[in-house]
file structure-v8.cif (mmCIF, C-alpha atoms)
data_structure
#
loop_
_atom_site.label_atom_id
_atom_site.label_comp_id
_atom_site.auth_asym_id
_atom_site.auth_seq_id
_atom_site.Cartn_x
_atom_site.Cartn_y
_atom_site.Cartn_z
CA MET A 1 0.00 0.00 0.00
CA SER A 2 1.46 3.31 -1.03
CA LEU A 3 -0.30 5.79 1.27
CA PRO A 4 1.64 7.22 4.21
CA PHE A 5 0.94 5.50 7.52
CA GLN A 6 -1.51 7.64 9.51
CA ILE A 7 -1.74 8.23 13.23
CA SER A 8 -4.16 10.50 15.10
CA VAL A 9 -3.34 12.91 17.89
CA ALA A 10 -5.94 14.60 20.08
CA THR A 11 -4.93 18.04 21.32
CA LEU A 12 -6.62 19.39 24.43
CA GLU A 13 -5.80 23.10 24.34
CA ARG A 14 -5.74 25.89 21.76
CA GLU A 15 -1.96 26.10 21.84
CA VAL A 16 0.06 23.18 23.11
CA LEU A 17 2.96 20.89 22.26
CA VAL A 18 2.09 17.18 22.46
CA ASP A 19 4.95 14.69 22.73
CA ILE A 20 4.33 12.08 20.01
CA THR A 21 7.70 10.32 20.21
CA GLY A 22 6.27 7.13 21.70
CA GLN A 23 3.30 7.00 19.35
CA VAL A 24 5.52 7.39 16.28
CA GLN A 25 7.94 4.78 17.60
CA GLU A 26 5.07 2.35 18.15
CA ALA A 27 3.73 2.97 14.66
CA LEU A 28 7.18 2.32 13.16
CA LYS A 29 7.11 -1.18 14.63
CA HIS A 30 4.02 -1.95 12.63
CA PHE A 31 4.59 -0.35 9.23
CA ALA A 32 8.37 -0.44 8.93
CA PRO A 33 9.84 -3.05 11.27
CA GLY A 34 13.63 -3.12 11.18
CA LEU A 35 13.89 0.03 9.06
CA SER A 36 17.30 1.63 8.80
CA GLY A 37 17.13 5.02 7.16
CA LEU A 38 14.78 7.86 7.93
CA VAL A 39 11.15 8.47 8.75
CA HIS A 40 9.33 11.47 7.30
CA VAL A 41 6.78 12.91 9.73
CA TYR A 42 4.21 15.15 8.03
CA VAL A 43 1.29 17.15 9.41
CA PRO A 44 -1.41 17.64 6.72
CA HIS A 45 -2.78 20.74 8.45
CA THR A 46 -2.16 24.51 8.19
CA THR A 47 -2.56 25.56 11.83
CA ALA A 48 -0.40 22.85 13.38
CA ALA A 49 3.24 21.91 12.97
CA VAL A 50 5.82 19.40 14.07
CA THR A 51 9.10 20.17 15.84
CA ILE A 52 11.91 18.51 17.74
CA ASN A 53 12.95 19.97 21.07
CA GLU A 54 13.80 19.08 24.66
CA GLY A 55 11.63 16.45 26.28
CA ALA A 56 13.00 16.44 29.84
CA ASP A 57 11.67 19.72 31.25
CA PRO A 58 8.01 20.44 30.41
CA ALA A 59 8.80 24.15 30.84
CA VAL A 60 10.55 24.14 27.46
CA LYS A 61 7.41 23.34 25.51
CA ARG A 62 5.47 26.04 27.38
CA ASP A 63 8.23 28.56 26.68
CA LEU A 64 8.00 27.64 23.02
CA VAL A 65 4.22 28.14 22.91
CA GLU A 66 4.52 31.46 24.74
CA GLY A 67 7.53 32.59 22.73
CA LEU A 68 5.64 31.99 19.48
CA ALA A 69 2.61 33.82 20.87
CA ARG A 70 4.82 36.88 21.31
CA LEU A 71 5.94 36.63 17.67
CA ALA A 72 2.44 36.22 16.24
CA PRO A 73 -0.06 37.56 18.81
CA ARG A 74 -3.55 36.14 18.54
CA ASN A 75 -5.19 39.55 18.56
CA ALA A 76 -2.94 41.49 16.19
CA ALA A 77 -4.44 42.97 13.00
CA TYR A 78 -4.79 40.25 10.35
CA ARG A 79 -6.59 39.98 7.03
CA HIS A 80 -7.75 36.39 7.54
CA THR A 81 -10.94 36.66 9.56
CA GLU A 82 -11.33 33.20 11.05
CA GLY A 83 -9.53 34.20 14.25
CA ASN A 84 -6.61 31.86 13.66
CA ALA A 85 -4.25 33.93 11.49
CA ASP A 86 -1.66 33.69 14.27
CA ALA A 87 -1.85 29.90 14.03
CA HIS A 88 -1.12 29.94 10.29
CA ILE A 89 1.98 32.09 10.85
CA LYS A 90 3.26 29.90 13.70
CA ALA A 91 2.72 26.78 11.56
CA SER A 92 5.00 28.14 8.83
CA LEU A 93 7.62 29.30 11.35
CA LEU A 94 8.02 25.78 12.74
CA GLY A 95 7.24 23.86 9.54
CA ASN A 96 4.87 20.99 8.88
CA SER A 97 7.35 18.14 8.59
CA VAL A 98 10.52 16.72 10.08
CA THR A 99 12.71 13.83 8.99
CA ILE A 100 14.38 11.67 11.65
CA PRO A 101 17.06 8.97 11.43
CA VAL A 102 15.91 5.42 12.22
CA VAL A 103 18.29 2.59 13.09
CA ASP A 104 17.07 -1.02 13.20
CA GLY A 105 13.49 0.15 13.59
CA ILE A 106 14.23 2.60 16.43
CA LEU A 107 13.99 6.41 16.20
CA HIS A 108 17.58 7.64 16.44
CA LEU A 109 17.05 10.90 18.35
CA GLY A 110 19.57 12.92 20.33
CA THR A 111 19.72 12.36 24.08
CA TRP A 112 17.44 15.26 25.01
CA GLN A 113 15.24 15.27 21.91
CA SER A 114 11.52 14.58 21.77
CA LEU A 115 9.21 14.84 18.78
CA TYR A 116 6.28 17.23 19.24
CA LEU A 117 3.06 17.94 17.42
CA ALA A 118 2.60 21.69 17.84
CA GLU A 119 -1.07 22.67 18.02
CA PHE A 120 -1.92 26.33 17.45
CA ASP A 121 -5.69 26.20 16.86
CA GLY A 122 -7.01 23.40 19.03
CA PRO A 123 -8.45 21.52 20.62
CA ARG A 124 -8.76 19.20 17.63
CA THR A 125 -7.93 15.74 16.44
CA ARG A 126 -4.91 15.98 14.14
CA LYS A 127 -3.49 13.55 11.63
CA VAL A 128 0.20 12.77 11.25
CA TRP A 129 1.48 10.97 8.15
CA LEU A 130 4.59 8.77 8.36
CA THR A 131 6.65 7.67 5.35
CA PRO A 132 9.67 5.34 5.67
CA ILE A 133 12.75 6.26 3.60
CA PRO A 134 15.41 3.63 3.00
CA ARG A 135 18.97 4.90 3.28
CA LEU A 136 21.60 4.18 0.68
CA ARG A 137 23.24 0.85 1.37
CA ALA A 138 26.89 1.29 2.36
CA MET B 1 20.16 12.01 -15.48
CA SER B 2 21.04 12.73 -11.88
CA LEU B 3 20.38 16.46 -11.55
CA PRO B 4 17.24 17.58 -9.72
CA PHE B 5 14.37 18.53 -12.02
CA GLN B 6 14.24 22.32 -12.29
CA ILE B 7 11.25 24.60 -12.64
CA SER B 8 11.23 28.41 -12.81
CA VAL B 9 8.95 30.76 -10.94
CA ALA B 10 8.58 34.46 -11.71
CA THR B 11 7.75 36.60 -8.69
CA LEU B 12 6.13 39.97 -9.29
CA GLU B 13 6.59 41.76 -5.98
CA ARG B 14 9.37 42.25 -3.43
CA GLU B 15 7.58 40.12 -0.85
CA VAL B 16 4.95 37.66 -1.95
CA LEU B 17 3.88 34.04 -1.67
CA VAL B 18 3.35 32.32 -5.02
CA ASP B 19 1.28 29.13 -5.11
CA ILE B 20 3.39 26.55 -6.99
CA THR B 21 1.29 23.49 -6.20
CA GLY B 22 0.02 23.08 -9.75
CA GLN B 23 3.39 23.67 -11.35
CA VAL B 24 5.10 21.10 -9.13
CA GLN B 25 2.28 18.61 -9.76
CA GLU B 26 2.64 19.09 -13.51
CA ALA B 27 6.42 18.63 -13.31
CA LEU B 28 5.97 15.40 -11.35
CA LYS B 29 4.01 13.93 -14.25
CA HIS B 30 7.02 14.39 -16.49
CA PHE B 31 10.00 13.42 -14.36
CA ALA B 32 8.49 10.91 -11.95
CA PRO B 33 5.26 9.48 -13.35
CA GLY B 34 3.59 7.07 -10.95
CA LEU B 35 5.93 7.89 -8.08
CA SER B 36 4.92 6.69 -4.65
CA GLY B 37 7.09 8.13 -1.95
CA LEU B 38 8.09 11.72 -1.44
CA VAL B 39 9.20 14.73 -3.45
CA HIS B 40 11.90 17.04 -2.13
CA VAL B 41 11.28 20.68 -3.10
CA TYR B 42 14.39 22.84 -2.77
CA VAL B 43 14.97 26.56 -3.38
CA PRO B 44 18.64 27.22 -4.28
CA HIS B 45 18.42 30.85 -3.13
CA THR B 46 19.12 32.71 0.11
CA THR B 47 16.39 35.36 0.04
CA ALA B 48 13.49 33.09 -0.87
CA ALA B 49 11.96 30.07 0.84
CA VAL B 50 9.31 27.43 0.43
CA THR B 51 6.43 26.75 2.81
CA ILE B 52 3.14 24.91 3.04
CA ASN B 53 0.09 26.77 4.26
CA GLU B 54 -3.60 27.41 3.54
CA GLY B 55 -4.52 27.86 -0.10
CA ALA B 56 -8.23 28.69 0.17
CA ASP B 57 -8.16 32.24 1.55
CA PRO B 58 -5.60 34.54 -0.13
CA ALA B 59 -5.58 36.61 3.08
CA VAL B 60 -3.46 33.93 4.75
CA LYS B 61 -0.50 34.40 2.48
CA ARG B 62 -0.65 38.18 2.93
CA ASP B 63 -0.82 37.76 6.72
CA LEU B 64 2.26 35.56 6.50
CA VAL B 65 4.20 38.13 4.46
CA GLU B 66 3.16 40.92 6.82
CA GLY B 67 3.73 38.83 9.94
CA LEU B 68 7.29 38.06 8.82
CA ALA B 69 7.88 41.74 8.03
CA ARG B 70 7.08 42.51 11.66
CA LEU B 71 9.66 39.94 12.81
CA ALA B 72 12.43 41.14 10.50
CA PRO B 73 11.64 44.74 9.46
CA ARG B 74 13.20 45.84 6.20
CA ASN B 75 14.64 49.01 7.71
CA ALA B 76 16.06 47.73 11.00
CA ALA B 77 19.78 48.05 11.68
CA TYR B 78 21.68 45.30 9.87
CA ARG B 79 25.34 44.63 9.07
CA HIS B 80 24.70 43.32 5.55
CA THR B 81 24.49 46.42 3.36
CA GLU B 82 22.69 45.17 0.28
CA GLY B 83 19.29 46.23 1.63
CA ASN B 84 17.98 42.68 1.84
CA ALA B 85 19.17 41.51 5.27
CA ASP B 86 15.53 41.11 6.28
CA ALA B 87 15.04 38.72 3.37
CA HIS B 88 17.93 36.49 4.50
CA ILE B 89 16.45 36.23 8.00
CA LYS B 90 12.97 35.43 6.70
CA ALA B 91 14.42 32.78 4.39
CA SER B 92 15.99 30.94 7.33
CA LEU B 93 12.84 31.29 9.45
CA LEU B 94 10.73 29.47 6.84
CA GLY B 95 13.47 27.22 5.45
CA ASN B 96 14.55 26.53 1.88
CA SER B 97 13.07 23.07 1.38
CA VAL B 98 10.03 20.95 2.11
CA THR B 99 9.36 17.28 1.53
CA ILE B 100 5.86 16.16 0.53
CA PRO B 101 4.26 12.71 0.26
CA VAL B 102 3.38 11.56 -3.27
CA VAL B 103 0.93 8.73 -4.01
CA ASP B 104 0.67 7.25 -7.52
CA GLY B 105 2.23 10.37 -9.01
CA ILE B 106 -0.06 12.83 -7.16
CA LEU B 107 1.03 15.26 -4.43
CA HIS B 108 -0.58 13.97 -1.26
CA LEU B 109 -1.33 17.25 0.54
CA GLY B 110 -3.78 17.92 3.33
CA THR B 111 -7.21 19.27 2.39
CA TRP B 112 -6.36 22.93 2.94
CA GLN B 113 -2.67 22.82 2.06
CA SER B 114 -0.96 24.59 -0.82
CA LEU B 115 2.75 24.74 -1.60
CA TYR B 116 4.19 28.25 -1.77
CA LEU B 117 7.39 29.80 -2.99
CA ALA B 118 8.03 32.64 -0.56
CA GLU B 119 9.76 35.58 -2.21
CA PHE B 120 11.40 38.14 0.08
CA ASP B 121 13.62 40.10 -2.33
CA GLY B 122 11.80 40.18 -5.65
CA PRO B 123 10.68 40.63 -8.25
CA ARG B 124 12.95 37.91 -9.67
CA THR B 125 12.88 34.65 -11.53
CA ARG B 126 13.51 31.86 -9.02
CA LYS B 127 14.53 28.25 -9.51
CA VAL B 128 12.99 25.33 -7.66
CA TRP B 129 14.70 21.93 -7.68
CA LEU B 130 12.65 18.74 -7.36
CA THR B 131 14.05 15.36 -6.36
CA PRO B 132 11.89 12.20 -6.22
CA ILE B 133 12.44 9.91 -3.23
CA PRO B 134 11.18 6.33 -3.39
CA ARG B 135 9.54 5.08 -0.22
CA LEU B 136 10.41 1.79 1.38
CA ARG B 137 8.34 -0.99 -0.17
CA ALA B 138 5.89 -2.43 2.31
CA MET C 1 26.62 -0.12 9.02
CA SER C 2 23.26 1.50 9.56
CA LEU C 3 24.06 4.42 11.86
CA PRO C 4 24.16 7.93 10.38
CA PHE C 5 27.67 9.18 9.61
CA GLN C 6 28.75 11.51 12.42
CA ILE C 7 30.89 14.62 12.28
CA SER C 8 31.83 16.95 15.14
CA VAL C 9 31.76 20.73 15.13
CA ALA C 10 33.34 22.90 17.81
CA THR C 11 31.54 26.21 18.37
CA LEU C 12 33.51 29.04 19.97
CA GLU C 13 30.80 31.49 21.04
CA ARG C 14 27.42 31.33 22.74
CA GLU C 15 25.59 32.30 19.57
CA VAL C 16 27.27 31.82 16.22
CA LEU C 17 26.77 30.33 12.78
CA VAL C 18 29.56 27.96 11.72
CA ASP C 19 29.93 27.17 8.02
CA ILE C 20 30.07 23.36 7.75
CA THR C 21 29.72 23.09 3.97
CA GLY C 22 33.30 21.90 3.44
CA GLN C 23 33.24 19.46 6.31
CA VAL C 24 30.00 17.85 5.12
CA GLN C 25 31.33 17.70 1.55
CA GLU C 26 34.51 15.99 2.77
CA ALA C 27 32.49 13.48 4.81
CA LEU C 28 30.34 12.66 1.77
CA LYS C 29 33.45 11.54 -0.10
CA HIS C 30 34.08 8.92 2.55
CA PHE C 31 30.66 7.52 3.40
CA ALA C 32 28.77 8.00 0.13
CA PRO C 33 31.19 8.42 -2.79
CA GLY C 34 29.40 9.07 -6.05
CA LEU C 35 26.01 9.52 -4.41
CA SER C 36 23.27 11.02 -6.54
CA GLY C 37 20.23 11.90 -4.52
CA LEU C 38 20.06 13.79 -1.25
CA VAL C 39 21.90 14.03 2.03
CA HIS C 40 19.98 14.49 5.27
CA VAL C 41 21.84 16.69 7.75
CA TYR C 42 20.57 16.33 11.32
CA VAL C 43 21.59 18.01 14.57
CA PRO C 44 20.79 15.75 17.57
CA HIS C 45 20.65 18.72 19.97
CA THR C 46 17.90 21.02 21.27
CA THR C 47 19.76 24.34 21.52
CA ALA C 48 21.44 24.23 18.10
CA ALA C 49 20.06 24.07 14.56
CA VAL C 50 21.09 23.83 10.95
CA THR C 51 20.24 26.31 8.21
CA ILE C 52 21.19 27.27 4.67
CA ASN C 53 21.94 30.90 3.91
CA GLU C 54 24.40 33.18 2.15
CA GLY C 55 28.06 32.32 2.51
CA ALA C 56 29.72 35.23 0.71
CA ASP C 57 29.22 38.08 3.18
CA PRO C 58 29.95 37.17 6.83
CA ALA C 59 27.59 39.99 7.84
CA VAL C 60 24.62 37.81 6.91
CA LYS C 61 25.30 35.20 9.56
CA ARG C 62 25.75 37.90 12.20
CA ASP C 63 22.48 39.53 11.14
CA LEU C 64 20.80 36.18 11.52
CA VAL C 65 22.17 35.64 15.02
CA GLU C 66 21.18 39.16 16.04
CA GLY C 67 17.81 38.98 14.32
CA LEU C 68 16.95 35.80 16.22
CA ALA C 69 18.13 37.38 19.47
CA ARG C 70 15.52 40.07 18.94
CA LEU C 71 12.82 37.42 18.47
CA ALA C 72 13.77 35.39 21.54
CA PRO C 73 15.75 37.65 23.90
CA ARG C 74 18.07 35.82 26.28
CA ASN C 75 16.76 37.66 29.33
CA ALA C 76 13.01 37.57 28.70
CA ALA C 77 10.75 35.82 31.24
CA TYR C 78 10.85 32.05 30.68
CA ARG C 79 9.71 29.03 32.65
CA HIS C 80 12.77 26.90 31.87
CA THR C 81 15.39 27.93 34.42
CA GLU C 82 18.64 26.79 32.86
CA GLY C 83 19.24 30.19 31.24
CA ASN C 84 18.96 28.85 27.69
CA ALA C 85 15.23 29.00 27.00
CA ASP C 86 15.97 31.47 24.20
CA ALA C 87 18.21 28.88 22.58
CA HIS C 88 15.45 26.25 22.61
CA ILE C 89 13.05 28.65 20.87
CA LYS C 90 15.63 29.65 18.24
CA ALA C 91 16.41 25.98 17.58
CA SER C 92 12.78 25.27 16.72
CA LEU C 93 12.47 28.42 14.59
CA LEU C 94 15.33 27.31 12.32
CA GLY C 95 14.80 23.56 12.63
CA ASN C 96 17.24 20.77 13.40
CA SER C 97 17.64 19.24 9.96
CA VAL C 98 17.99 20.12 6.29
CA THR C 99 18.06 17.92 3.21
CA ILE C 100 20.31 18.88 0.29
CA PRO C 101 20.58 17.57 -3.27
CA VAL C 102 23.79 15.68 -4.10
CA VAL C 103 24.98 15.03 -7.67
CA ASP C 104 27.82 12.60 -8.35
CA GLY C 105 29.03 12.91 -4.77
CA ILE C 106 29.01 16.72 -4.71
CA LEU C 107 26.64 18.91 -2.65
CA HIS C 108 24.37 20.59 -5.19
CA LEU C 109 23.85 23.97 -3.51
CA GLY C 110 22.72 27.24 -5.05
CA THR C 111 25.40 29.74 -6.09
CA TRP C 112 25.27 31.78 -2.88
CA GLN C 113 24.30 29.03 -0.45
CA SER C 114 26.35 27.72 2.45
CA LEU C 115 25.33 25.18 5.07
CA TYR C 116 25.53 26.43 8.65
CA LEU C 117 25.42 24.87 12.07
CA ALA C 118 23.60 27.44 14.20
CA GLU C 119 24.83 27.45 17.80
CA PHE C 120 22.61 29.15 20.37
CA ASP C 121 24.06 27.88 23.67
CA GLY C 122 27.77 27.45 23.10
CA PRO C 123 30.61 27.18 23.17
CA ARG C 124 30.24 23.40 22.84
CA THR C 125 31.22 20.48 20.66
CA ARG C 126 28.19 19.54 18.56
CA LYS C 127 27.41 16.42 16.59
CA VAL C 128 25.94 16.41 13.11
CA TRP C 129 24.45 13.21 11.65
CA LEU C 130 24.49 12.60 7.91
CA THR C 131 22.30 10.09 6.08
CA PRO C 132 22.52 9.47 2.33
CA ILE C 133 19.22 9.13 0.45
CA PRO C 134 19.19 7.56 -3.01
CA ARG C 135 16.95 9.30 -5.51
CA LEU C 136 14.52 7.46 -7.71
CA ARG C 137 16.21 6.25 -10.87
CA ALA C 138 14.87 8.03 -13.91
#

call {"tool": "encode", "arguments": {"input": "structure-v8.cif", "output": "C-alpha cells"}}
result
Amino acid sequence: MSLPFQISVATLEREVLVDITGQVQEALKHFAPGLSGLVHVYVPHTTAAVTINEGADPAVKRDLVEGLARLAPRNAAYRHTEGNADAHIKASLLGNSVTIPVVDGILHLGTWQSLYLAEFDGPRTRKVWLTPIPRLRA
Amino acid sequence: MSLPFQISVATLEREVLVDITGQVQEALKHFAPGLSGLVHVYVPHTTAAVTINEGADPAVKRDLVEGLARLAPRNAAYRHTEGNADAHIKASLLGNSVTIPVVDGILHLGTWQSLYLAEFDGPRTRKVWLTPIPRLRA
Amino acid sequence: MSLPFQISVATLEREVLVDITGQVQEALKHFAPGLSGLVHVYVPHTTAAVTINEGADPAVKRDLVEGLARLAPRNAAYRHTEGNADAHIKASLLGNSVTIPVVDGILHLGTWQSLYLAEFDGPRTRKVWLTPIPRLRA
C-alpha cells in the first residue's frame, strides 16, 4: 500500500505541544519493522506543525508556545478573519514536517530530543502521516 | 540524469507568496510518473523560501508576508548592506526546502494545504529543484 | 553499518553560525562516494540548529544571530530555568535538519548558499548526523 501511515493525535488546548515520540515509535514497529534510514513525519494541516525539542523539562514546551505567541499575537491585526491567522503564521515558522534517522526500527534521536506535534488552533484531532525512507546501502 | 528537475517561478513583488502546487504537480508527471514516496522541493536561493500553508483564503499568504515583516523589518539596523538583510532572515525562518508525500504520481497534501514559494527580495525569476524519493516498499 | 555518519563541530561562542559546507562535503566523499540523490543533515541537539543561507558576506550570519536574538531575547521571562530558554526557541524556529541535493558525490547547492550549524548555547562540541538518500532512478 502506497499511502503514508496515519496516526491521530488529540490536542486538548488551543496552543500546546504534544509529545508524540512514543506514538511514532510504536507505529514504526508496525509499518516499517527493522527500518534503517529515515522516517518522514508530516502534518497535513495549516494551523499545526511538528518540531523537535527538549523532552526532559516540560517548561521548554510552554516557553516555546509562549515565545511563538509573542511573535504572532492572537489579537494582532490580520486579514484572515477566522480568528486563527496567528496559528497559520506559527505553523510556517516551525514547519509541517521533520525527517528523523531510524536505526534497526528505532527512532535515532539525540539524548534530550523529543518529537512534538505543535497545536496552534485546538483543541482538535490531528493527523500525522509517516513515510519510511530507505537509506543508501553502504 | 542525476540532476534535480528544475522549474522556474517568476515573482512579481518584493515580498509575496506564489502558489506553486500546480506547477510542481505538472512537473511530477514528467520526471516521476507514478511515483509513490516523497518529493523534495528545494529553493537554491538565500532570500526566498518554500512553505506549506492554507490555499483557500488569499488573506493567509498576505498575513504571513506581513507577519514576517514585523519579525524582520526591512529598515532595521543590519550589518549586511545590500538592503535585503531582512530577506535572509525570513528565508531561514521558513526554510529553503520541504518534503511532501506523493501517491501514484499525485502530491498527497492535506485538504487545505498549498505549496508556496516565498519571495522576500523580488521581483525575480527563481529556480525550484525537485528530487523524487522512493519510499520503502511495504 | 546502519548508523548515520557523524561529524563533530566545535563552536567558539554562545551564539554563532559555523559554516560546515566543506566538512560535510569531505564526509560525503568517505561515506557516500558518487552519491546522486540527497543528504539528510541532522543536529541531535535542542539548543542548536542547521540552516542554509548566504556564505559570501559574513555579515549575513551575524544579522541572523542578532535577528533571532531580537525574536527570543536571552533575558526575557521564561519558565525553563537553565538560562537557555531562548536557545530552545531559536532551535525550533530554524529547525534541526535540512536535506540537500547531491549530484555525483558533490553537494548541489545554489550559487550563494552555504550550510551552517547554528549554535545558540555554546561554546560546545556539537554532533551532526548525515544520512545518504538515493533518488529514484529516472

call {"tool": "closest_atom_pairs", "arguments": {"input": "structure-v8.cif", "of": "chain C", "to": "chain A", "cutoff": "8 Å", "atoms": "only C-alpha atoms", "output": "Markdown table"}}
result
| residue | atom | partner | partner_atom | distance |
| --- | --- | --- | --- | --- |
| C:Met1 | CA | A:Ala138 | CA | 6.8 |
| C:Ser2 | CA | A:Ser36 | CA | 6.0 |
| C:Leu3 | CA | A:Val103 | CA | 6.2 |
| C:Pro4 | CA | A:Pro101 | CA | 7.3 |
| C:Phe31 | CA | A:Ala138 | CA | 7.4 |
| C:Ala32 | CA | A:Ala138 | CA | 7.3 |
| C:Tyr42 | CA | A:Ile100 | CA | 7.8 |
| C:Val43 | CA | A:Gly110 | CA | 7.9 |
| C:Pro44 | CA | A:Gly110 | CA | 4.1 |
| C:His45 | CA | A:Gly110 | CA | 5.9 |
| C:Thr46 | CA | A:Asn53 | CA | 5.1 |
| C:Leu71 | CA | A:Leu71 | CA | 7.0 |
| C:Ala72 | CA | A:Gly67 | CA | 6.9 |
| C:Tyr78 | CA | A:Asp63 | CA | 5.9 |
| C:Arg79 | CA | A:Ala59 | CA | 5.3 |
| C:His80 | CA | A:Ala59 | CA | 4.9 |
| C:Ala85 | CA | A:Val60 | CA | 6.8 |
| C:His88 | CA | A:Asn53 | CA | 6.9 |
| C:Ile89 | CA | A:Leu64 | CA | 5.6 |
| C:Ala91 | CA | A:Asn53 | CA | 7.8 |
| C:Ser92 | CA | A:Leu94 | CA | 6.2 |
| C:Leu93 | CA | A:Leu94 | CA | 5.5 |
| C:Leu94 | CA | A:Leu94 | CA | 7.5 |
| C:Gly95 | CA | A:Leu94 | CA | 7.1 |
| C:Asn96 | CA | A:Ile52 | CA | 7.2 |
| C:Ser97 | CA | A:Thr99 | CA | 7.4 |
| C:Thr131 | CA | A:Arg135 | CA | 6.8 |
| C:Pro132 | CA | A:Leu136 | CA | 5.6 |
| C:Ile133 | CA | A:Arg135 | CA | 5.1 |
| C:Pro134 | CA | A:Leu136 | CA | 5.6 |

call {"tool": "write_last_selection", "arguments": {"input": "structure-v8.cif", "atoms": "C-alpha atoms", "output": "mmCIF file, keeping the file's coordinate frame"}}
result
data_model
loop_
_atom_site.group_PDB
_atom_site.id
_atom_site.type_symbol
_atom_site.label_atom_id
_atom_site.label_comp_id
_atom_site.auth_asym_id
_atom_site.auth_seq_id
_atom_site.Cartn_x
_atom_site.Cartn_y
_atom_site.Cartn_z
ATOM 1 C CA MET C 1 26.620 -0.120 9.020
ATOM 2 C CA SER C 2 23.260 1.500 9.560
ATOM 3 C CA LEU C 3 24.060 4.420 11.860
ATOM 4 C CA PRO C 4 24.160 7.930 10.380
ATOM 5 C CA PHE C 31 30.660 7.520 3.400
ATOM 6 C CA ALA C 32 28.770 8.000 0.130
ATOM 7 C CA TYR C 42 20.570 16.330 11.320
ATOM 8 C CA VAL C 43 21.590 18.010 14.570
ATOM 9 C CA PRO C 44 20.790 15.750 17.570
ATOM 10 C CA HIS C 45 20.650 18.720 19.970
ATOM 11 C CA THR C 46 17.900 21.020 21.270
ATOM 12 C CA LEU C 71 12.820 37.420 18.470
ATOM 13 C CA ALA C 72 13.770 35.390 21.540
ATOM 14 C CA TYR C 78 10.850 32.050 30.680
ATOM 15 C CA ARG C 79 9.710 29.030 32.650
ATOM 16 C CA HIS C 80 12.770 26.900 31.870
ATOM 17 C CA ALA C 85 15.230 29.000 27.000
ATOM 18 C CA HIS C 88 15.450 26.250 22.610
ATOM 19 C CA ILE C 89 13.050 28.650 20.870
ATOM 20 C CA ALA C 91 16.410 25.980 17.580
ATOM 21 C CA SER C 92 12.780 25.270 16.720
ATOM 22 C CA LEU C 93 12.470 28.420 14.590
ATOM 23 C CA LEU C 94 15.330 27.310 12.320
ATOM 24 C CA GLY C 95 14.800 23.560 12.630
ATOM 25 C CA ASN C 96 17.240 20.770 13.400
ATOM 26 C CA SER C 97 17.640 19.240 9.960
ATOM 27 C CA THR C 131 22.300 10.090 6.080
ATOM 28 C CA PRO C 132 22.520 9.470 2.330
ATOM 29 C CA ILE C 133 19.220 9.130 0.450
ATOM 30 C CA PRO C 134 19.190 7.560 -3.010
#

call {"tool": "residues_around", "arguments": {"input": "structure-v8.cif", "residues": "Ala10 of chain A", "least_positions_apart": "5", "cutoff": "9 Å", "atoms": "only C-alpha atoms", "output": "JSON, numbers by chain"}}
result
{"A": [18, 122, 123, 124, 125, 126, 127]}

call {"tool": "resolve_selection", "arguments": {"input": "structure-v8.cif", "expression": "the PyMOL selection byres ((chain A and resi 24) around 12)", "output": "mmCIF file with C-alpha atoms, in the coordinates of the input"}}
result
data_model
loop_
_atom_site.group_PDB
_atom_site.id
_atom_site.type_symbol
_atom_site.label_atom_id
_atom_site.label_comp_id
_atom_site.auth_asym_id
_atom_site.auth_seq_id
_atom_site.Cartn_x
_atom_site.Cartn_y
_atom_site.Cartn_z
ATOM 1 C CA PHE A 5 0.940 5.500 7.520
ATOM 2 C CA GLN A 6 -1.510 7.640 9.510
ATOM 3 C CA ILE A 7 -1.740 8.230 13.230
ATOM 4 C CA SER A 8 -4.160 10.500 15.100
ATOM 5 C CA VAL A 9 -3.340 12.910 17.890
ATOM 6 C CA ASP A 19 4.950 14.690 22.730
ATOM 7 C CA ILE A 20 4.330 12.080 20.010
ATOM 8 C CA THR A 21 7.700 10.320 20.210
ATOM 9 C CA GLY A 22 6.270 7.130 21.700
ATOM 10 C CA GLN A 23 3.300 7.000 19.350
ATOM 11 C CA GLN A 25 7.940 4.780 17.600
ATOM 12 C CA GLU A 26 5.070 2.350 18.150
ATOM 13 C CA ALA A 27 3.730 2.970 14.660
ATOM 14 C CA LEU A 28 7.180 2.320 13.160
ATOM 15 C CA LYS A 29 7.110 -1.180 14.630
ATOM 16 C CA HIS A 30 4.020 -1.950 12.630
ATOM 17 C CA PHE A 31 4.590 -0.350 9.230
ATOM 18 C CA ALA A 32 8.370 -0.440 8.930
ATOM 19 C CA VAL A 39 11.150 8.470 8.750
ATOM 20 C CA HIS A 40 9.330 11.470 7.300
ATOM 21 C CA VAL A 41 6.780 12.910 9.730
ATOM 22 C CA TYR A 42 4.210 15.150 8.030
ATOM 23 C CA ILE A 100 14.380 11.670 11.650
ATOM 24 C CA VAL A 102 15.910 5.420 12.220
ATOM 25 C CA GLY A 105 13.490 0.150 13.590
ATOM 26 C CA ILE A 106 14.230 2.600 16.430
ATOM 27 C CA LEU A 107 13.990 6.410 16.200
ATOM 28 C CA SER A 114 11.520 14.580 21.770
ATOM 29 C CA LEU A 115 9.210 14.840 18.780
ATOM 30 C CA TYR A 116 6.280 17.230 19.240
ATOM 31 C CA LEU A 117 3.060 17.940 17.420
ATOM 32 C CA LYS A 127 -3.490 13.550 11.630
ATOM 33 C CA VAL A 128 0.200 12.770 11.250
ATOM 34 C CA TRP A 129 1.480 10.970 8.150
ATOM 35 C CA LEU A 130 4.590 8.770 8.360
ATOM 36 C CA THR A 131 6.650 7.670 5.350
ATOM 37 C CA PRO A 132 9.670 5.340 5.670
#

call {"tool": "resolve_selection", "arguments": {"input": "structure-v8.cif", "expression": "the PyMOL selection byres ((chain B and resi 120) around 9)", "output": "VMD selection string"}}
result
chain B and resid 13 to 17 47 to 49 65 84 86 to 88 90 to 91 118 to 119 121 to 123

call {"tool": "atom_distance", "arguments": {"input": "structure-v8.cif", "atom1": "atom CA of Glu82 of chain B", "atom2": "atom CA of Ala69 of chain B"}}
result
17.1 Å

call {"tool": "atom_distance", "arguments": {"input": "structure-v8.cif", "atom1": "atom CA of Ala76 of chain C", "atom2": "atom CA of Pro73 of chain A"}}
result
16.4 Å

call {"tool": "atom_distance", "arguments": {"input": "structure-v8.cif", "atom1": "atom CA of Arg74 of chain C", "atom2": "atom CA of Leu12 of chain C"}}
result
18.0 Å
